[in-house]
Amino acid sequence: MLSGFLSSVPYWLWSLLTVAAIIHYFRTRPDGYWIWIVIFLGPLGAIAYFVVNVILPLTGGGGAALEGKVSLTLDERRRVRELEHKIEDNPLPYDYAQLGELLYKRGDYAKAEPILRQAVAKIDDEIEPQYWLALTLDRLGKAEEAARLLAPIVRRDARYKFGEAYLAYARALERAGQNDLAMEAYKQVLSQSTFTEARVRFGLLLAAAGDTAAAREQLQTAVREGRDLPRHNLRAARPFLRAARQWLRAN
């Protein structure tokens, strides 16, 4: 059926789509593997490229899980299979921790959760498994539990994962509806880094609280800082910059 559909579309249209994907890639610079997907898979690669890198971000859809399945290297996929077999035969705590992290990165959050819970239960003196479990729980809509797990991590080391942990903590608080605590957490994040996501989320929370002037200052700063972002950071920041510009246009 798919082959019939593909053959019914004029060749020049597929060529145009492929060229458009290549142009978009060099303008926006997503992860490097996408150019090879487009080149080697042609129209199918171009379709996949636009779905993950254009359509899903524009519609607010979560492309992370889908992209995670693609972005894991062959070695990492092989390692997932090895760890799954090892756990069946001789389960070791650090095997659970590594497998759970890889499953999270692949986007298999439901599968990662019980594995990481096992790791946390067996390794109670390290924060790494707790961190990945918290991120997984946040993805699964369990923000309150995620925030509880992240709270002692950021108290112990506010710069853990180069500030990513504190950002995850603030985000979990926001998703759990604890906006006042979330704003304080975002302030702490911004005191030590310039994450676009943190600044925009903080600005929008200020707007929701009625502090329009402070919200405008934060969002304008985010847009201004976004102009100087390195390409490898711009892709993750782009949805938040778009939200900032939309709010500024409307207010």
# chains A, B, ... in the order shown; residues from 1 in each chain; ligands from 1
$ residues_around --residues "region 74-89 of chain A" --least-positions-apart "5" --cutoff "12 Å" --atoms "only C-alpha atoms" --output "PyMOL selection string"
chain A and resi 68-69+94-106+108+111-112+115+118-119
$ residues_around --residues "region 120-135 of chain A" --least-positions-apart "4" --cutoff "7 Å" --atoms "only C-alpha atoms" --output "count of residues only"
10
$ residues_around --residues "Val189 (chain A)" --least-positions-apart "4" --cutoff "12 Å" --atoms "only C-alpha atoms" --output "list in words"
Val154, Ala158, Arg159, Tyr160, Phe162, Gly163, Glu164, Ala165, Tyr166, Leu167, Ala168, Tyr169, Ala170, Arg171, Ala182, Met183, Glu184, Ala185, Ser193, Thr194, Phe195, Thr196, Glu197, Ala198, Arg199, Arg201 and Phe202 of chain A
$ write_last_selection --atoms "N, CA and C atoms" --output "CSV table (one decimal), in the first residue's frame"
chain,number,residue,atom,x,y,z
A,154,VAL,N,19.3,18.3,44.4
A,154,VAL,CA,19.7,19.6,44.1
A,154,VAL,C,20.2,20.3,45.4
A,158,ALA,N,23.7,21.7,43.7
A,158,ALA,CA,22.9,22.6,42.9
A,158,ALA,C,23.3,22.6,41.4
A,159,ARG,N,24.6,22.2,41.2
A,159,ARG,CA,25.1,22.2,39.8
A,159,ARG,C,25.1,20.8,39.2
A,160,TYR,N,24.4,19.8,39.8
A,160,TYR,CA,24.5,18.5,39.3
A,160,TYR,C,24.0,18.4,37.9
A,162,PHE,N,25.5,19.8,35.5
A,162,PHE,CA,25.7,21.1,34.9
A,162,PHE,C,24.4,22.0,35.0
A,163,GLY,N,23.6,21.8,36.1
A,163,GLY,CA,22.4,22.5,36.3
A,163,GLY,C,21.1,21.9,35.7
A,164,GLU,N,21.3,20.9,35.0
A,164,GLU,CA,20.1,20.2,34.4
A,164,GLU,C,19.2,19.6,35.4
A,165,ALA,N,19.8,19.1,36.5
A,165,ALA,CA,18.9,18.6,37.6
A,165,ALA,C,18.1,19.6,38.2
A,166,TYR,N,18.6,20.8,38.5
A,166,TYR,CA,17.8,21.9,39.1
A,166,TYR,C,16.7,22.3,38.1
A,167,LEU,N,17.0,22.4,36.8
A,167,LEU,CA,16.0,22.7,35.9
A,167,LEU,C,14.9,21.7,35.9
A,168,ALA,N,15.3,20.4,35.9
A,168,ALA,CA,14.3,19.3,36.0
A,168,ALA,C,13.4,19.4,37.2
A,169,TYR,N,14.0,19.8,38.3
A,169,TYR,CA,13.3,20.0,39.6
A,169,TYR,C,12.3,21.1,39.5
A,170,ALA,N,12.7,22.3,38.9
A,170,ALA,CA,11.8,23.4,38.8
A,170,ALA,C,10.6,23.0,37.8
A,171,ARG,N,11.0,22.3,36.8
A,171,ARG,CA,9.9,21.9,35.8
A,171,ARG,C,8.9,20.9,36.4
A,182,ALA,N,8.1,26.6,42.2
A,182,ALA,CA,8.7,26.5,40.9
A,182,ALA,C,9.4,27.8,40.5
A,183,MET,N,8.7,28.9,40.8
A,183,MET,CA,9.4,30.2,40.4
A,183,MET,C,10.6,30.4,41.2
A,184,GLU,N,10.6,30.0,42.5
A,184,GLU,CA,11.9,30.1,43.3
A,184,GLU,C,13.0,29.2,42.7
A,185,ALA,N,12.6,28.0,42.3
A,185,ALA,CA,13.5,27.1,41.7
A,185,ALA,C,14.1,27.6,40.4
A,193,SER,N,23.0,29.7,35.6
A,193,SER,CA,23.0,29.4,34.2
A,193,SER,C,22.1,30.2,33.4
A,194,THR,N,22.1,30.0,32.1
A,194,THR,CA,21.2,30.8,31.2
A,194,THR,C,20.3,29.9,30.3
A,195,PHE,N,19.8,28.8,30.9
A,195,PHE,CA,18.9,27.9,30.2
A,195,PHE,C,17.7,28.7,29.6
A,196,THR,N,17.5,28.6,28.3
A,196,THR,CA,16.4,29.3,27.7
A,196,THR,C,15.1,28.8,28.2
A,197,GLU,N,15.0,27.5,28.4
A,197,GLU,CA,13.8,26.9,28.9
A,197,GLU,C,13.4,27.5,30.3
A,198,ALA,N,14.4,27.6,31.2
A,198,ALA,CA,14.2,28.1,32.5
A,198,ALA,C,13.7,29.5,32.5
A,199,ARG,N,14.3,30.4,31.6
A,199,ARG,CA,13.9,31.8,31.6
A,199,ARG,C,12.5,31.9,31.0
A,201,ARG,N,10.0,29.6,30.9
A,201,ARG,CA,9.0,29.0,31.9
A,201,ARG,C,8.8,30.0,33.0
A,202,PHE,N,9.9,30.6,33.5
A,202,PHE,CA,9.8,31.5,34.6
A,202,PHE,C,9.0,32.7,34.2
$ select_by_dssp --residues "region 87-167 of chain A" --states "alpha helix (DSSP H)" --output "number ranges by chain"
A: 87-89, 93-106, 109-122, 128-139, 143-156, 164-167
$ write_last_selection --atoms "C-alpha atoms" --output "mmCIF file, in the first residue's frame"
data_model
loop_
_atom_site.group_PDB
_atom_site.id
_atom_site.type_symbol
_atom_site.label_atom_id
_atom_site.label_comp_id
_atom_site.auth_asym_id
_atom_site.auth_seq_id
_atom_site.Cartn_x
_atom_site.Cartn_y
_atom_site.Cartn_z
ATOM 1 C CA ILE A 87 19.214 -9.091 34.195
ATOM 2 C CA GLU A 88 17.216 -12.182 33.277
ATOM 3 C CA ASP A 89 20.150 -14.453 34.182
ATOM 4 C CA PRO A 93 22.141 -3.313 40.685
ATOM 5 C CA TYR A 94 24.320 -1.343 38.290
ATOM 6 C CA ASP A 95 22.951 -3.279 35.324
ATOM 7 C CA TYR A 96 19.471 -2.085 36.322
ATOM 8 C CA ALA A 97 20.764 1.495 36.563
ATOM 9 C CA GLN A 98 22.455 1.457 33.170
ATOM 10 C CA LEU A 99 19.547 -0.259 31.437
ATOM 11 C CA GLY A 100 17.042 2.178 32.931
ATOM 12 C CA GLU A 101 19.071 5.161 31.750
ATOM 13 C CA LEU A 102 19.327 3.771 28.225
ATOM 14 C CA LEU A 103 15.607 2.995 28.122
ATOM 15 C CA TYR A 104 14.864 6.567 29.222
ATOM 16 C CA LYS A 105 17.076 7.964 26.481
ATOM 17 C CA ARG A 106 15.327 5.715 23.984
ATOM 18 C CA TYR A 109 9.573 5.565 29.804
ATOM 19 C CA ALA A 110 7.008 2.982 30.909
ATOM 20 C CA LYS A 111 9.601 0.248 30.550
ATOM 21 C CA ALA A 112 12.325 2.323 32.208
ATOM 22 C CA GLU A 113 10.308 3.105 35.352
ATOM 23 C CA PRO A 114 10.264 -0.350 37.015
ATOM 24 C CA ILE A 115 13.893 -0.965 36.014
ATOM 25 C CA LEU A 116 15.018 2.306 37.583
ATOM 26 C CA ARG A 117 12.917 1.690 40.692
ATOM 27 C CA GLN A 118 14.813 -1.558 41.103
ATOM 28 C CA ALA A 119 18.099 0.312 40.707
ATOM 29 C CA VAL A 120 17.150 2.954 43.291
ATOM 30 C CA ALA A 121 16.047 0.259 45.745
ATOM 31 C CA LYS A 122 19.330 -1.624 45.346
ATOM 32 C CA GLU A 128 22.490 8.900 39.527
ATOM 33 C CA PRO A 129 19.695 6.264 39.416
ATOM 34 C CA GLN A 130 17.424 8.612 41.387
ATOM 35 C CA TYR A 131 18.037 11.343 38.826
ATOM 36 C CA TRP A 132 17.072 9.151 35.869
ATOM 37 C CA LEU A 133 14.051 7.774 37.724
ATOM 38 C CA ALA A 134 12.893 11.328 38.462
ATOM 39 C CA LEU A 135 13.186 12.315 34.797
ATOM 40 C CA THR A 136 11.275 9.180 33.821
ATOM 41 C CA LEU A 137 8.490 9.843 36.315
ATOM 42 C CA ASP A 138 8.173 13.420 35.066
ATOM 43 C CA ARG A 139 7.754 12.115 31.509
ATOM 44 C CA ALA A 143 5.591 15.189 38.586
ATOM 45 C CA GLU A 144 5.088 15.298 42.355
ATOM 46 C CA GLU A 145 7.108 12.139 42.899
ATOM 47 C CA ALA A 146 9.729 13.391 40.451
ATOM 48 C CA ALA A 147 10.084 16.627 42.436
ATOM 49 C CA ARG A 148 10.438 14.683 45.695
ATOM 50 C CA LEU A 149 13.267 12.638 44.210
ATOM 51 C CA LEU A 150 15.036 15.679 42.765
ATOM 52 C CA ALA A 151 14.793 17.860 45.879
ATOM 53 C CA PRO A 152 17.581 16.116 47.866
ATOM 54 C CA ILE A 153 19.719 15.879 44.731
ATOM 55 C CA VAL A 154 19.739 19.640 44.127
ATOM 56 C CA ARG A 155 20.181 20.344 47.847
ATOM 57 C CA ARG A 156 23.285 18.161 47.770
ATOM 58 C CA GLU A 164 20.107 20.202 34.355
ATOM 59 C CA ALA A 165 18.945 18.558 37.592
ATOM 60 C CA TYR A 166 17.823 21.885 39.084
ATOM 61 C CA LEU A 167 16.013 22.724 35.856
#
$ atom_distance --atom1 "CA of Glu217 (chain A)" --atom2 "CA of Phe240 (chain A)"
15.1 Å
$ residues_around --residues "Leu44 (chain A)" --least-positions-apart "6" --cutoff "9 Å" --atoms "only C-alpha atoms" --output "PyMOL selection string"
chain A and resi 18+37-38
